[in-house]
Amino acid sequence: MPDGGDTWGRLWDDRYKGRLSLRDDALSSIQPVALFLGYNPNRLTKAQLEDCKKFLISKKQHFRQLWSTYAEAVNLLRSEEVWALWGWLPMVASLRKEGMDIRYGMPKERAIAWFSSYIISKDTKVLPACHAFLDWVLDEKFAVAMTRDYGYRMTTTVHLKNLTPAEIKEMQLDDIPGLVSKLFIQELPENLNEWVQAWSEFKSA
């Protein structure tokens, strides 16, 4: 990677024009632009959303294509048709296992993060099975597998004793408070329909 530090700006850097990609999704692709422009993606005003749309349109020629599926994004990177894209942690984990020199950046504007959770219905008829499943996903074996196989950072620390110091450092789990401070926790915007409209206008521009 060239000098300059990690930034969302890599996704529209003039040096990589025509070798970049975004997901064909309003939420996923407008959020990093908003962060880059100094806006809060969870609270975008109409004027700020318009700024994001105009910015994307001005950079449209930088994107070789918009990806839709996981396999499509991985193939774009594997073939080096695309040099950088906004994707998911398992994409990096998968390609690294193939021997590709690739990594997941940590933008100075903060990385977009979300949490998966499990909820038990109050009407469930299999409560013991639900509890057994939750015990399993909280177990260290599951956490280690999710970390090593998919690159996910888990909300438990029980698995850290099973990771090497190098793995812990690479995942930035040696400083969890510091890691969390670099994350932007996304929310679903109330005006998502306006985001979808802005994205459609970008695509048709």
# chains A, B, ... in the order shown; residues from 1 in each chain; ligands from 1
$ residues_around --residues "Ile30 of chain A" --least-positions-apart "6" --cutoff "10 Å" --atoms "only C-alpha atoms" --output "JSON list (two decimals) with N, CA, C and O atoms, in the first residue's frame"
[["chain", "number", "residue", "atom", "x", "y", "z"],
["A", 22, "LEU", "N", -17.22, -0.45, -5.42],
["A", 22, "LEU", "CA", -18.12, -0.30, -4.27],
["A", 22, "LEU", "C", -19.21, -1.35, -4.38],
["A", 22, "LEU", "O", -19.48, -1.88, -5.45],
["A", 23, "ARG", "N", -19.84, -1.62, -3.26],
["A", 23, "ARG", "CA", -20.98, -2.53, -3.28],
["A", 23, "ARG", "C", -22.19, -1.80, -3.88],
["A", 23, "ARG", "O", -22.40, -0.62, -3.62],
["A", 36, "PHE", "N", -15.98, 10.10, 5.20],
["A", 36, "PHE", "CA", -14.86, 10.79, 4.55],
["A", 36, "PHE", "C", -15.10, 12.30, 4.50],
["A", 36, "PHE", "O", -14.16, 13.09, 4.66],
["A", 41, "PRO", "N", -22.97, 9.40, 9.39],
["A", 41, "PRO", "CA", -23.87, 8.65, 8.51],
["A", 41, "PRO", "C", -25.20, 8.28, 9.14],
["A", 41, "PRO", "O", -26.19, 8.06, 8.43],
["A", 49, "LEU", "N", -26.69, 14.44, 2.45],
["A", 49, "LEU", "CA", -26.91, 13.31, 1.55],
["A", 49, "LEU", "C", -26.70, 13.74, 0.11],
["A", 49, "LEU", "O", -26.11, 13.02, -0.70],
["A", 52, "CYS", "N", -23.04, 13.89, -0.56],
["A", 52, "CYS", "CA", -22.48, 12.54, -0.76],
["A", 52, "CYS", "C", -22.78, 12.05, -2.17],
["A", 52, "CYS", "O", -21.91, 11.47, -2.83],
["A", 53, "LYS", "N", -24.00, 12.28, -2.64],
["A", 53, "LYS", "CA", -24.37, 11.86, -4.00],
["A", 53, "LYS", "C", -23.52, 12.57, -5.04],
["A", 53, "LYS", "O", -22.99, 11.93, -5.96],
["A", 55, "PHE", "N", -20.62, 13.88, -4.66],
["A", 55, "PHE", "CA", -19.23, 13.41, -4.55],
["A", 55, "PHE", "C", -19.07, 12.08, -5.29],
["A", 55, "PHE", "O", -18.12, 11.89, -6.05],
["A", 56, "LEU", "N", -19.99, 11.16, -5.06],
["A", 56, "LEU", "CA", -19.94, 9.87, -5.73],
["A", 56, "LEU", "C", -20.00, 10.04, -7.25],
["A", 56, "LEU", "O", -19.26, 9.37, -7.99],
["A", 195, "TRP", "N", -31.87, 7.63, 0.75],
["A", 195, "TRP", "CA", -30.55, 7.09, 0.41],
["A", 195, "TRP", "C", -30.65, 6.26, -0.87],
["A", 195, "TRP", "O", -29.80, 6.38, -1.77],
["A", 196, "VAL", "N", -31.68, 5.43, -0.94],
["A", 196, "VAL", "CA", -31.86, 4.57, -2.12],
["A", 196, "VAL", "C", -32.07, 5.42, -3.36],
["A", 196, "VAL", "O", -31.54, 5.13, -4.44],
["A", 198, "ALA", "N", -30.95, 8.52, -3.80],
["A", 198, "ALA", "CA", -29.66, 9.15, -4.12],
["A", 198, "ALA", "C", -28.73, 8.17, -4.82],
["A", 198, "ALA", "O", -28.03, 8.53, -5.77],
["A", 199, "TRP", "N", -28.73, 6.93, -4.37],
["A", 199, "TRP", "CA", -27.89, 5.90, -4.99],
["A", 199, "TRP", "C", -28.34, 5.63, -6.42],
["A", 199, "TRP", "O", -27.51, 5.47, -7.33]]
$ select_by_dssp --residues "segment 7-149 of chain A" --states "strand (DSSP E)" --output "JSON, numbers by chain"
{"A": [20, 21, 22, 23, 63, 64, 65, 66, 67, 84, 85, 111, 112, 113]}
$ residues_around --residues "segment 116-119 of chain A" --least-positions-apart "3" --cutoff "10 Å" --atoms "only C-alpha atoms" --output "PDB file with N, CA, C and O atoms, in the first residue's frame"
ATOM      1  N   LYS A 122     -40.122 -15.142  23.233  1.00  0.00           N
ATOM      2  CA  LYS A 122     -40.788 -15.485  24.500  1.00  0.00           C
ATOM      3  C   LYS A 122     -41.742 -16.660  24.317  1.00  0.00           C
ATOM      4  O   LYS A 122     -42.156 -17.299  25.283  1.00  0.00           O
ATOM      5  N   CYS A 130     -32.315 -23.620  22.846  1.00  0.00           N
ATOM      6  CA  CYS A 130     -31.839 -22.257  22.584  1.00  0.00           C
ATOM      7  C   CYS A 130     -30.668 -21.918  23.500  1.00  0.00           C
ATOM      8  O   CYS A 130     -29.664 -21.342  23.062  1.00  0.00           O
ATOM      9  N   PHE A 133     -27.580 -23.706  22.366  1.00  0.00           N
ATOM     10  CA  PHE A 133     -26.990 -23.062  21.192  1.00  0.00           C
ATOM     11  C   PHE A 133     -26.209 -21.816  21.593  1.00  0.00           C
ATOM     12  O   PHE A 133     -25.085 -21.593  21.116  1.00  0.00           O
ATOM     13  N   LEU A 134     -26.777 -21.005  22.475  1.00  0.00           N
ATOM     14  CA  LEU A 134     -26.089 -19.791  22.912  1.00  0.00           C
ATOM     15  C   LEU A 134     -24.811 -20.126  23.663  1.00  0.00           C
ATOM     16  O   LEU A 134     -23.801 -19.433  23.527  1.00  0.00           O
ATOM     17  N   VAL A 137     -22.196 -20.849  20.956  1.00  0.00           N
ATOM     18  CA  VAL A 137     -21.614 -19.713  20.241  1.00  0.00           C
ATOM     19  C   VAL A 137     -20.769 -18.832  21.158  1.00  0.00           C
ATOM     20  O   VAL A 137     -19.961 -18.029  20.677  1.00  0.00           O
ATOM     21  N   MET A 154     -14.686 -11.186  17.801  1.00  0.00           N
ATOM     22  CA  MET A 154     -15.796 -11.642  18.633  1.00  0.00           C
ATOM     23  C   MET A 154     -15.964 -10.741  19.855  1.00  0.00           C
ATOM     24  O   MET A 154     -15.027 -10.076  20.294  1.00  0.00           O
ATOM     25  N   THR A 155     -17.171 -10.719  20.396  1.00  0.00           N
ATOM     26  CA  THR A 155     -17.440  -9.893  21.570  1.00  0.00           C
ATOM     27  C   THR A 155     -17.029 -10.587  22.866  1.00  0.00           C
ATOM     28  O   THR A 155     -17.109  -9.994  23.936  1.00  0.00           O
TER      29      THR A 155
END
$ select_by_dssp --residues "chain A" --states "alpha helix (DSSP H)" --output "PyMOL selection string"
chain A and resi 26-36+46-58+70-78+89-97+127-137+140-150+165-170+176-181+192-204
$ residues_around --residues "segment 92-103 of chain A" --least-positions-apart "4" --cutoff "7 Å" --atoms "only C-alpha atoms" --output "list in words"
Asp149, Tyr150 and Gly151 of chain A
$ atom_distance --atom1 "atom CA of Gly38 of chain A" --atom2 "atom CA of Val74 of chain A"
29.2 Å
$ closest_residue --among "A:Phe115, A:Tyr152, A:Trp136, A:Trp12" --to "Trp88 of chain A" --atoms "only C-alpha atoms"
A:Tyr152
$ residues_around --residues "Ala113 of chain A" --least-positions-apart "3" --cutoff "7 Å" --atoms "only C-alpha atoms" --output "NGL selection string"
:A and (183-186)
$ write_last_selection --atoms "N, CA, C and O atoms" --output "CSV table (one decimal), in the first residue's frame"
chain,number,residue,atom,x,y,z
A,183,LEU,N,-14.0,2.6,15.7
A,183,LEU,CA,-15.1,2.1,15.0
A,183,LEU,C,-16.3,3.0,15.0
A,183,LEU,O,-16.5,3.7,16.0
A,184,PHE,N,-17.0,3.0,13.9
A,184,PHE,CA,-18.3,3.8,13.8
A,184,PHE,C,-19.4,2.7,13.8
A,184,PHE,O,-19.5,2.0,12.9
A,185,ILE,N,-20.3,2.7,14.8
A,185,ILE,CA,-21.3,1.8,14.9
A,185,ILE,C,-22.5,2.3,14.1
A,185,ILE,O,-23.1,3.3,14.4
A,186,GLN,N,-22.8,1.5,13.0
A,186,GLN,CA,-23.9,2.0,12.1
A,186,GLN,C,-25.3,1.7,12.6
A,186,GLN,O,-25.5,0.8,13.4
$ closest_residue --among "A:Ser28, A:Leu35, A:Gln48, A:Leu20" --to "Arg64 of chain A" --atoms "only C-alpha atoms"
A:Leu20
$ atom_distance --atom1 "atom CA of Met106 of chain A" --atom2 "atom CA of Lys203 of chain A"
27.0 Å
$ closest_residue --among "A:Gly87, A:Asp25, A:Ala205, A:Asp14" --to "Ile112 of chain A" --atoms "only C-alpha atoms"
A:Gly87
$ closest_atom_pairs --of "segment 8-114 of chain A" --to "segment 168-182 of chain A" --cutoff "8 Å" --atoms "only C-alpha atoms" --output "Markdown table"
| residue | atom | partner | partner_atom | distance |
| --- | --- | --- | --- | --- |
| A:Met106 | CA | A:Lys182 | CA | 7.6 |
| A:Lys108 | CA | A:Lys182 | CA | 7.6 |
| A:Arg110 | CA | A:Lys182 | CA | 5.0 |
| A:Ala111 | CA | A:Lys182 | CA | 6.4 |
$ write_last_selection --atoms "N, CA, C and O atoms" --output "CSV table (one decimal), in the first residue's frame"
chain,number,residue,atom,x,y,z
A,106,MET,N,-8.0,0.1,8.3
A,106,MET,CA,-8.7,0.7,9.4
A,106,MET,C,-8.6,2.2,9.1
A,106,MET,O,-7.7,2.9,9.5
A,108,LYS,N,-8.8,6.2,9.0
A,108,LYS,CA,-8.6,7.2,10.0
A,108,LYS,C,-10.0,7.9,10.3
A,108,LYS,O,-10.2,8.4,11.4
A,110,ARG,N,-12.6,6.4,10.8
A,110,ARG,CA,-13.3,5.3,11.5
A,110,ARG,C,-13.9,4.2,10.6
A,110,ARG,O,-14.4,4.6,9.6
A,111,ALA,N,-13.7,3.0,11.0
A,111,ALA,CA,-14.3,1.9,10.2
A,111,ALA,C,-15.7,1.7,10.6
A,111,ALA,O,-16.1,1.9,11.8
$ atom_distance --atom1 "atom CA of Asn42 of chain A" --atom2 "atom CA of Trp114 of chain A"
12.5 Å
